[in-house]
$ cat coords19.txt   # compact mmCIF, C-alpha atoms (C1' of nucleotides)
# COMPACT_ATOMS: atom_id res chain seq x y z
CA MET A 26 66.26 -82.80 -12.25
CA LYS A 27 63.68 -82.95 -9.49
CA ASN A 28 60.27 -81.46 -10.02
CA THR A 29 59.77 -78.82 -7.33
CA LYS A 30 57.00 -76.28 -7.13
CA GLN A 31 59.33 -73.27 -7.29
CA ARG A 32 60.98 -74.76 -10.35
CA GLY A 33 57.58 -75.12 -11.98
CA ALA A 34 56.55 -71.59 -11.08
CA ILE A 35 59.73 -70.12 -12.59
CA MET A 36 59.26 -72.13 -15.75
CA LYS A 37 55.66 -70.96 -16.00
CA ILE A 38 56.75 -67.31 -15.98
CA LEU A 39 59.21 -68.09 -18.74
CA GLU A 40 56.47 -69.76 -20.75
CA GLU A 41 54.03 -66.92 -20.28
CA SER A 42 56.27 -64.04 -21.25
CA ALA A 43 56.91 -63.27 -24.88
CA GLU A 44 60.03 -61.22 -24.16
CA PRO A 45 63.15 -62.30 -22.30
CA VAL A 46 62.88 -61.83 -18.52
CA GLY A 47 65.49 -61.25 -15.83
CA ALA A 48 65.84 -62.99 -12.48
CA GLU A 49 64.73 -60.01 -10.40
CA GLU A 50 61.68 -59.61 -12.60
CA ILE A 51 60.67 -63.24 -12.21
CA PHE A 52 61.23 -62.96 -8.48
CA ALA A 53 59.01 -59.88 -8.29
CA ARG A 54 56.24 -61.57 -10.27
CA LEU A 55 56.28 -64.62 -7.98
CA ARG A 56 56.49 -62.66 -4.72
CA GLY A 57 52.72 -62.69 -4.32
CA GLU A 58 52.16 -66.37 -4.92
CA TRP A 59 55.31 -67.64 -3.19
CA PRO A 60 56.08 -65.20 -0.37
CA ASN A 61 59.15 -67.01 0.82
CA LEU A 62 60.71 -67.91 -2.47
CA ALA A 63 64.38 -66.94 -2.41
CA LEU A 64 65.95 -64.84 -5.11
CA SER A 65 68.90 -67.20 -5.13
CA THR A 66 66.56 -70.04 -6.02
CA VAL A 67 65.47 -68.11 -9.08
CA TYR A 68 69.05 -67.46 -10.11
CA ARG A 69 70.08 -71.05 -9.50
CA ASN A 70 67.22 -72.47 -11.52
CA LEU A 71 67.69 -70.10 -14.41
CA GLU A 72 71.36 -71.03 -14.55
CA ARG A 73 70.34 -74.67 -14.37
CA PHE A 74 67.83 -74.31 -17.18
CA ALA A 75 70.42 -72.53 -19.29
CA GLY A 76 72.90 -75.30 -18.59
CA GLU A 77 70.42 -77.89 -19.75
CA ALA A 78 69.71 -75.73 -22.80
CA LEU A 79 66.06 -75.38 -21.82
CA VAL A 80 66.32 -71.61 -21.89
CA HIS A 81 68.49 -69.13 -23.71
CA LYS A 82 70.56 -66.71 -21.63
CA ASP A 83 71.38 -63.27 -22.94
CA VAL A 84 73.11 -60.19 -21.50
CA PHE A 85 71.42 -56.98 -22.55
CA ASN A 86 73.01 -53.59 -23.08
CA ASP A 87 71.77 -52.49 -19.67
CA GLY A 88 73.93 -55.21 -18.13
CA VAL A 89 71.02 -57.37 -16.97
CA VAL A 90 70.92 -61.05 -17.88
CA ARG A 91 67.58 -62.14 -19.30
CA TYR A 92 66.31 -65.59 -20.18
CA SER A 93 63.81 -66.93 -22.67
CA LEU A 94 62.60 -70.43 -23.59
CA SER A 95 64.89 -71.93 -26.18
CA GLY A 96 61.97 -73.50 -27.98
CA GLU A 97 60.83 -70.07 -29.06
CA HIS A 98 61.59 -69.02 -32.56
CA HIS A 99 65.01 -67.29 -32.79
CA GLY A 100 64.83 -63.55 -33.33
CA HIS A 101 66.49 -60.18 -32.89
CA TYR A 102 65.26 -56.66 -32.36
CA LEU A 103 65.48 -53.22 -33.86
CA VAL A 104 65.46 -50.88 -30.87
CA CYS A 105 64.76 -47.16 -31.01
CA THR A 106 67.43 -45.25 -29.10
CA GLY A 107 64.89 -42.54 -28.39
CA CYS A 108 61.79 -44.29 -27.05
CA SER A 109 63.05 -47.90 -26.70
CA ASN A 110 60.28 -49.18 -28.92
CA LYS A 111 61.19 -52.63 -30.24
CA ILE A 112 60.48 -54.26 -33.59
CA ARG A 113 61.22 -57.93 -34.03
CA ILE A 114 63.48 -58.95 -36.90
CA ASP A 115 62.57 -62.41 -38.07
CA ASP A 116 65.23 -62.56 -40.68
CA CYS A 117 68.57 -63.73 -39.34
CA PRO A 118 71.38 -63.74 -41.88
CA LEU A 119 73.95 -65.34 -39.63
CA ALA A 120 73.58 -69.09 -39.98
CA CYS A 121 75.75 -69.03 -43.05
CA LEU A 122 78.36 -66.74 -41.52
CA GLU A 123 78.56 -69.01 -38.48
CA GLN A 124 79.21 -72.08 -40.57
CA GLY A 125 82.07 -70.34 -42.31
CA LEU A 126 83.52 -69.23 -38.99
CA ALA A 127 83.32 -72.69 -37.48
CA HIS A 128 85.23 -74.01 -40.45
CA ASP A 129 87.87 -71.28 -40.44
CA THR A 130 88.55 -71.08 -36.71
CA GLY A 131 87.73 -74.53 -35.35
CA TYR A 132 85.39 -72.96 -32.78
CA GLU A 133 82.18 -74.70 -31.79
CA ILE A 134 79.67 -71.92 -32.33
CA GLU A 135 77.12 -71.67 -29.52
CA GLY A 136 75.12 -68.62 -30.52
CA HIS A 137 75.19 -64.90 -31.04
CA THR A 138 73.70 -61.63 -29.96
CA LEU A 139 72.52 -59.14 -32.53
CA THR A 140 70.63 -55.98 -31.86
CA ILE A 141 70.21 -53.10 -34.25
CA TYR A 142 69.81 -49.57 -32.93
CA GLY A 143 68.24 -46.60 -34.63
CA LYS A 144 65.67 -43.86 -34.35
CA CYS A 145 62.01 -44.47 -35.09
CA PRO A 146 60.37 -41.89 -37.38
CA GLU A 147 58.76 -39.94 -34.51
CA CYS A 148 61.94 -39.76 -32.44
CA ALA A 149 63.97 -38.81 -35.50
CA ARG A 150 61.56 -35.98 -36.30
CA ARG A 151 61.45 -34.74 -32.71
CA GLU A 152 65.21 -34.73 -32.49
CA LYS A 153 65.57 -32.65 -35.63
CA LYS A 154 63.07 -30.13 -34.31
CA GLU A 155 65.06 -29.78 -31.09
CA GLN A 156 68.29 -29.23 -32.98
CA ARG A 157 66.72 -26.42 -34.98
CA LYS A 158 65.52 -24.75 -31.76
CA LYS A 159 69.05 -24.67 -30.35
CA LYS A 160 70.60 -22.68 -33.21
CA MET B 124 86.73 -31.50 -22.32
CA LYS B 125 89.91 -30.79 -20.40
CA ASN B 126 93.12 -32.51 -21.31
CA THR B 127 94.37 -34.31 -18.22
CA LYS B 128 97.19 -36.82 -18.05
CA GLN B 129 94.98 -39.63 -16.77
CA ARG B 130 92.53 -38.97 -19.59
CA GLY B 131 95.38 -39.17 -22.06
CA ALA B 132 96.71 -42.37 -20.53
CA ILE B 133 93.31 -44.04 -20.74
CA MET B 134 92.87 -42.97 -24.33
CA LYS B 135 96.35 -44.29 -25.15
CA ILE B 136 95.40 -47.75 -23.89
CA LEU B 137 92.29 -47.64 -26.03
CA GLU B 138 94.39 -46.67 -29.06
CA GLU B 139 96.97 -49.34 -28.45
CA SER B 140 94.65 -52.28 -27.98
CA ALA B 141 93.16 -53.97 -30.97
CA GLU B 142 90.44 -55.58 -28.88
CA PRO B 143 87.76 -53.98 -26.74
CA VAL B 144 88.98 -53.41 -23.18
CA GLY B 145 87.15 -53.18 -19.88
CA ALA B 146 87.63 -50.61 -17.15
CA GLU B 147 89.33 -52.98 -14.70
CA GLU B 148 91.72 -54.06 -17.41
CA ILE B 149 92.71 -50.50 -18.29
CA PHE B 150 93.12 -49.78 -14.60
CA ALA B 151 95.41 -52.78 -14.18
CA ARG B 152 97.52 -51.80 -17.17
CA LEU B 153 97.98 -48.25 -15.88
CA ARG B 154 98.65 -49.07 -12.24
CA GLY B 155 102.40 -49.30 -12.85
CA GLU B 156 102.72 -45.94 -14.55
CA TRP B 157 100.06 -44.10 -12.50
CA PRO B 158 100.11 -45.66 -9.03
CA ASN B 159 97.37 -43.49 -7.61
CA LEU B 160 95.00 -43.45 -10.50
CA ALA B 161 91.49 -44.23 -9.26
CA LEU B 162 89.35 -46.93 -10.80
CA SER B 163 86.42 -44.55 -10.68
CA THR B 164 88.36 -42.13 -12.88
CA VAL B 165 88.70 -44.84 -15.49
CA TYR B 166 84.99 -45.58 -15.34
CA ARG B 167 84.05 -41.92 -15.49
CA ASN B 168 86.23 -41.21 -18.47
CA LEU B 169 85.11 -44.24 -20.42
CA GLU B 170 81.49 -43.22 -19.89
CA ARG B 171 82.41 -39.71 -20.95
CA PHE B 172 84.14 -40.93 -24.10
CA ALA B 173 81.16 -43.09 -24.94
CA GLY B 174 78.84 -40.11 -24.42
CA GLU B 175 80.88 -38.04 -26.84
CA ALA B 176 80.88 -40.97 -29.27
CA LEU B 177 84.66 -41.19 -29.17
CA VAL B 178 84.50 -44.82 -28.14
CA HIS B 179 82.02 -47.60 -28.62
CA LYS B 180 80.59 -49.29 -25.53
CA ASP B 181 79.55 -52.91 -25.57
CA VAL B 182 78.30 -55.34 -22.92
CA PHE B 183 79.76 -58.81 -23.32
CA ASN B 184 78.21 -62.12 -22.31
CA ASP B 185 80.40 -62.29 -19.22
CA GLY B 186 78.63 -59.16 -18.02
CA VAL B 187 81.67 -56.91 -18.40
CA VAL B 188 81.38 -53.66 -20.34
CA ARG B 189 84.21 -53.17 -22.82
CA TYR B 190 85.11 -50.15 -24.92
CA SER B 191 86.88 -49.61 -28.24
CA LEU B 192 87.72 -46.55 -30.32
CA SER B 193 84.86 -45.71 -32.64
CA GLY B 194 87.23 -44.53 -35.35
CA GLU B 195 88.48 -48.08 -35.81
CA HIS B 196 87.29 -50.03 -38.74
CA HIS B 197 83.93 -51.59 -37.91
CA GLY B 198 84.16 -55.17 -36.77
CA HIS B 199 82.71 -57.85 -34.56
CA TYR B 200 84.14 -60.68 -32.51
CA LEU B 201 83.93 -64.38 -32.03
CA VAL B 202 84.41 -64.86 -28.29
CA CYS B 203 85.25 -68.13 -26.53
CA THR B 204 82.85 -68.74 -23.66
CA GLY B 205 85.56 -70.76 -21.93
CA CYS B 206 88.72 -68.64 -22.00
CA SER B 207 87.38 -65.36 -23.43
CA ASN B 208 89.84 -65.45 -26.30
CA LYS B 209 88.63 -63.17 -29.11
CA ILE B 210 88.89 -63.41 -32.87
CA ARG B 211 87.95 -60.45 -35.03
CA ILE B 212 85.35 -60.95 -37.74
CA ASP B 213 85.99 -58.54 -40.56
CA ASP B 214 83.08 -59.64 -42.59
CA CYS B 215 79.85 -57.90 -41.61
CA PRO B 216 76.79 -59.13 -43.43
CA LEU B 217 74.45 -56.52 -42.02
CA ALA B 218 74.71 -53.51 -44.28
CA CYS B 219 72.23 -55.03 -46.64
CA LEU B 220 69.85 -56.13 -43.88
CA GLU B 221 69.96 -52.62 -42.42
CA GLN B 222 69.01 -51.02 -45.71
CA GLY B 223 66.04 -53.28 -46.00
CA LEU B 224 64.99 -52.51 -42.43
CA ALA B 225 65.30 -48.77 -42.94
CA HIS B 226 63.06 -49.05 -45.95
CA ASP B 227 60.48 -51.30 -44.28
CA THR B 228 60.24 -49.57 -40.89
CA GLY B 229 61.16 -45.93 -41.57
CA TYR B 230 63.78 -46.08 -38.83
CA GLU B 231 67.06 -44.22 -39.19
CA ILE B 232 69.53 -46.99 -38.47
CA GLU B 233 72.37 -45.87 -36.22
CA GLY B 234 74.31 -49.07 -35.70
CA HIS B 235 74.25 -52.52 -34.25
CA THR B 236 75.94 -54.89 -31.86
CA LEU B 237 76.85 -58.34 -32.99
CA THR B 238 78.95 -60.81 -31.11
CA ILE B 239 79.22 -64.50 -31.76
CA TYR B 240 79.94 -66.92 -28.92
CA GLY B 241 81.43 -70.37 -29.01
CA LYS B 242 84.11 -72.62 -27.62
CA CYS B 243 87.65 -72.50 -28.96
CA PRO B 244 89.13 -75.91 -29.78
CA GLU B 245 91.10 -76.15 -26.51
CA CYS B 246 88.18 -75.22 -24.30
CA ALA B 247 85.87 -77.56 -26.20
CA ARG B 248 88.32 -80.42 -25.69
CA ARG B 249 88.86 -79.63 -22.00
CA GLU B 250 85.12 -79.50 -21.41
CA LYS B 251 84.55 -82.87 -23.00
CA LYS B 252 87.29 -84.40 -20.86
CA GLU B 253 85.65 -83.06 -17.71
CA GLN B 254 82.29 -84.45 -18.69
CA ARG B 255 83.76 -87.89 -19.15
CA LYS B 256 85.41 -87.75 -15.71
CA LYS B 257 82.08 -87.08 -14.03
CA LYS B 258 80.37 -90.21 -15.27
C1' DC C 11 66.31 -92.74 3.77
C1' DT C 12 69.40 -89.92 1.05
C1' DT C 13 70.19 -86.93 -2.35
C1' DC C 14 68.72 -82.87 -4.63
C1' DT C 15 66.78 -78.24 -3.46
C1' DT C 16 65.62 -74.49 -0.93
C1' DG C 17 65.89 -70.28 2.18
C1' DC C 18 68.59 -67.19 4.37
C1' DA C 19 72.41 -64.48 5.09
C1' DA C 20 76.75 -63.19 3.99
C1' DA C 21 80.22 -62.67 0.09
C1' DT C 22 81.60 -61.05 -4.64
C1' DA C 23 82.11 -58.33 -8.75
C1' DA C 24 81.33 -54.58 -11.52
C1' DT C 25 80.05 -50.16 -11.41
C1' DT C 26 78.39 -45.64 -9.33
C1' DT C 27 78.28 -41.80 -6.26
C1' DG C 28 79.39 -38.12 -2.59
C1' DC C 29 82.69 -35.13 -1.21
C1' DA C 30 86.88 -32.67 -0.35
C1' DC C 31 90.87 -31.61 -2.73
C1' DT C 32 93.69 -30.73 -7.07
C1' DC C 33 95.09 -29.00 -11.30
C1' DC C 34 94.26 -27.35 -16.11
C1' DA C 35 92.56 -23.28 -18.99
C1' DT D 15 91.09 -18.13 -9.91
C1' DG D 16 87.08 -21.15 -10.86
C1' DG D 17 85.12 -24.96 -12.41
C1' DA D 18 86.18 -29.38 -14.52
C1' DG D 19 88.45 -33.43 -13.04
C1' DT D 20 90.51 -36.62 -9.57
C1' DG D 21 91.16 -39.85 -5.53
C1' DC D 22 89.23 -42.19 -1.95
C1' DA D 23 85.82 -44.52 0.49
C1' DA D 24 81.32 -45.81 0.93
C1' DA D 25 76.97 -47.13 -1.62
C1' DT D 26 74.48 -49.74 -5.31
C1' DT D 27 73.20 -53.45 -8.24
C1' DA D 28 73.26 -57.87 -10.04
C1' DT D 29 74.69 -62.13 -8.95
C1' DT D 30 77.01 -66.06 -6.29
C1' DT D 31 78.06 -69.05 -2.46
C1' DG D 32 78.03 -71.67 2.16
C1' DC D 33 75.34 -74.08 5.01
C1' DA D 34 71.64 -76.04 7.75
C1' DA D 35 66.92 -77.41 7.20
C1' DG D 36 63.24 -79.31 3.93
C1' DA D 37 61.16 -81.92 0.33
C1' DA D 38 61.17 -85.24 -3.70
C1' DG D 39 61.91 -89.87 -5.38

$ encode --input "coords19.txt" --output "structure tokens"
Amino acid sequence: MKNTKQRGAIMKILEESAEPVGAEEIFARLRGEWPNLALSTVYRNLERFAGEALVHKDVFNDGVVRYSLSGEHHGHYLVCTGCSNKIRIDDCPLACLEQGLAHDTGYEIEGHTLTIYGKCPECARREKKEQRKKK
Amino acid sequence: MKNTKQRGAIMKILEESAEPVGAEEIFARLRGEWPNLALSTVYRNLERFAGEALVHKDVFNDGVVRYSLSGEHHGHYLVCTGCSNKIRIDDCPLACLEQGLAHDTGYEIEGHTLTIYGKCPECARREKKEQRKKK
DNA sequence: CTTCTTGCAAATAATTTGCACTCCA
DNA sequence: TGGAGTGCAAATTATTTGCAAGAAG
């Protein structure tokens, strides 16, 4: 894999951001510094990185694909369906389940997506207030 | 919600299929019986159903949104990243984790998405063969 | 040099929307 | 009958691809 400046710039964004980022977002953030960077270059490199297992690729519920460095510590989120506030879940109870599955099905497990949805205390309270108003 | 024949037909597909189905797939399956059903009607109704919590909406790793009846017994899938073959996972190890989270964060947990990805034995074998060819 | 990469523009794929017409309640 | 629902075509959005020109080793 050749070492090009656009490749480096894309990787730097990935390194700097704590949360997964999408191609369009990376493109927007690099627009200033690299005015004639092509969006397709971003997509191609992200796909490349994912292929080489340098980054982890994930499709979110909004349909956008986001990437994050694979070195980063594996984690999931608890997302509030009211205000979209996110809490990281460090505990991941799936390693064991995956082993069992690999054994039972013969699949080579590559990974998983897990996101938990709920209402944070404020949103839950607000929602109940609104329901009372309606009646 | 009015009871139209296309709405019924879409719901019937949902009821008949054990696995989550996408809009294009439902459209394809109904084209024979309803030759001038519009794809947009399928999309609109699925969104509607999801809004009324009649069906569960989920974005898969291939970027396609698939829907399944919410009444159905809760379950997750092991999806092959090669051929998209799906195996249902009846075991769900999250109830306990969710209780702990509710206690720790004060959130009212509403649900979660969990999908495991891997390669089925055939796809894994095929992929290895192709890699060897390249060298 | 020569192969890997990029930029640009055009092509897809999945989904959404505007609008006139249709059909259930 | 009146508004919810539909079909059709055109618009969006996210992503992919073909190809000639450019840069890295």

$ interface_residues --input "coords19.txt" --of "chain B" --to "chain C" --cutoff "12 Å" --atoms "all atoms listed in the file" --output "MDAnalysis selection string"
chainID B and resid 124:129 145:148 162:167 169:170 182 185:189

$ calpha_fit_rmsd --input "coords19.txt" --fixed "chain B" --moving "chain A"
2.4 Å

$ residues_around --input "coords19.txt" --residues "Gly143 of chain A" --least-positions-apart "3" --cutoff "12 Å" --atoms "only C-alpha atoms (C1' of nucleotides)" --output "count of residues only"
29

$ residues_around --input "coords19.txt" --residues "Ala132 of chain B" --least-positions-apart "6" --cutoff "10 Å" --atoms "all atoms listed in the file" --output "list in words"
Glu138, Ile149, Leu153, Glu156, Trp157 and Val165 of chain B

$ interface_residues --input "coords19.txt" --of "chain D" --to "chain B" --cutoff "9 Å" --atoms "all atoms listed in the file" --output "PyMOL selection string"
chain D and resi 18-22

$ atom_distance --input "coords19.txt" --atom1 "atom CA of Ser93 of chain A" --atom2 "atom CA of Glu44 of chain A"
7.0 Å

$ atom_distance --input "coords19.txt" --atom1 "atom CA of Leu177 of chain B" --atom2 "atom CA of Ser193 of chain B"
5.7 Å

$ axis_aligned_box --input "coords19.txt" --around "segment 17-24 of chain C" --padding-each-side "6 Å" --output "JSON"
{"center_x": 74.0, "center_y": -62.4, "center_z": -3.2, "size_x": 28.2, "size_y": 27.7, "size_z": 28.6}

$ closest_residue --input "coords19.txt" --among "B:Gly223, B:Asn184, B:Glu139, B:Gly155" --to "chain A" --atoms "only C-alpha atoms"
B:Asn184

$ build_atoms --input "coords19.txt" --residues "segment 193-214 of chain B" --atoms "N, CA and C atoms" --output "CSV table (one decimal), in the coordinates of the input"
chain,number,residue,atom,x,y,z
B,193,SER,N,85.9,-45.6,-31.6
B,193,SER,CA,84.9,-45.7,-32.6
B,193,SER,C,85.5,-45.5,-34.0
B,194,GLY,N,86.6,-44.8,-34.1
B,194,GLY,CA,87.2,-44.5,-35.4
B,194,GLY,C,87.6,-45.8,-36.1
B,195,GLU,N,88.0,-46.8,-35.3
B,195,GLU,CA,88.5,-48.1,-35.8
B,195,GLU,C,87.5,-48.7,-36.8
B,196,HIS,N,88.1,-49.3,-37.7
B,196,HIS,CA,87.3,-50.0,-38.7
B,196,HIS,C,86.3,-51.0,-38.1
B,197,HIS,N,85.0,-50.8,-38.5
B,197,HIS,CA,83.9,-51.6,-37.9
B,197,HIS,C,84.2,-53.1,-37.9
B,198,GLY,N,83.9,-53.7,-36.8
B,198,GLY,CA,84.2,-55.2,-36.8
B,198,GLY,C,83.5,-55.8,-35.6
B,199,HIS,N,83.4,-57.1,-35.6
B,199,HIS,CA,82.7,-57.8,-34.6
B,199,HIS,C,83.6,-59.0,-34.1
B,200,TYR,N,83.3,-59.7,-33.1
B,200,TYR,CA,84.1,-60.7,-32.5
B,200,TYR,C,83.5,-62.0,-32.3
B,201,LEU,N,84.3,-63.0,-32.4
B,201,LEU,CA,83.9,-64.4,-32.0
B,201,LEU,C,84.6,-64.6,-30.7
B,202,VAL,N,83.9,-64.8,-29.6
B,202,VAL,CA,84.4,-64.9,-28.3
B,202,VAL,C,84.3,-66.3,-27.7
B,203,CYS,N,85.3,-66.8,-27.2
B,203,CYS,CA,85.2,-68.1,-26.5
B,203,CYS,C,84.6,-68.0,-25.2
B,204,THR,N,83.6,-68.8,-24.9
B,204,THR,CA,82.8,-68.7,-23.7
B,204,THR,C,83.6,-69.5,-22.6
B,205,GLY,N,84.7,-70.1,-22.9
B,205,GLY,CA,85.6,-70.8,-21.9
B,205,GLY,C,86.7,-69.8,-21.5
B,206,CYS,N,87.5,-69.4,-22.4
B,206,CYS,CA,88.7,-68.6,-22.0
B,206,CYS,C,88.7,-67.2,-22.4
B,207,SER,N,87.6,-66.8,-23.0
B,207,SER,CA,87.4,-65.4,-23.4
B,207,SER,C,88.3,-64.9,-24.5
B,208,ASN,N,89.0,-65.8,-25.2
B,208,ASN,CA,89.8,-65.4,-26.3
B,208,ASN,C,89.0,-64.9,-27.4
B,209,LYS,N,89.5,-63.8,-28.1
B,209,LYS,CA,88.6,-63.2,-29.1
B,209,LYS,C,89.3,-63.2,-30.5
B,210,ILE,N,88.4,-63.5,-31.5
B,210,ILE,CA,88.9,-63.4,-32.9
B,210,ILE,C,88.0,-62.4,-33.6
B,211,ARG,N,88.7,-61.5,-34.3
B,211,ARG,CA,88.0,-60.4,-35.0
B,211,ARG,C,87.3,-61.0,-36.3
B,212,ILE,N,86.1,-60.6,-36.5
B,212,ILE,CA,85.4,-61.0,-37.7
B,212,ILE,C,85.3,-59.7,-38.6
B,213,ASP,N,86.0,-59.7,-39.7
B,213,ASP,CA,86.0,-58.5,-40.6
B,213,ASP,C,84.8,-58.4,-41.4
B,214,ASP,N,84.2,-59.6,-41.7
B,214,ASP,CA,83.1,-59.6,-42.6
B,214,ASP,C,81.8,-59.2,-41.8
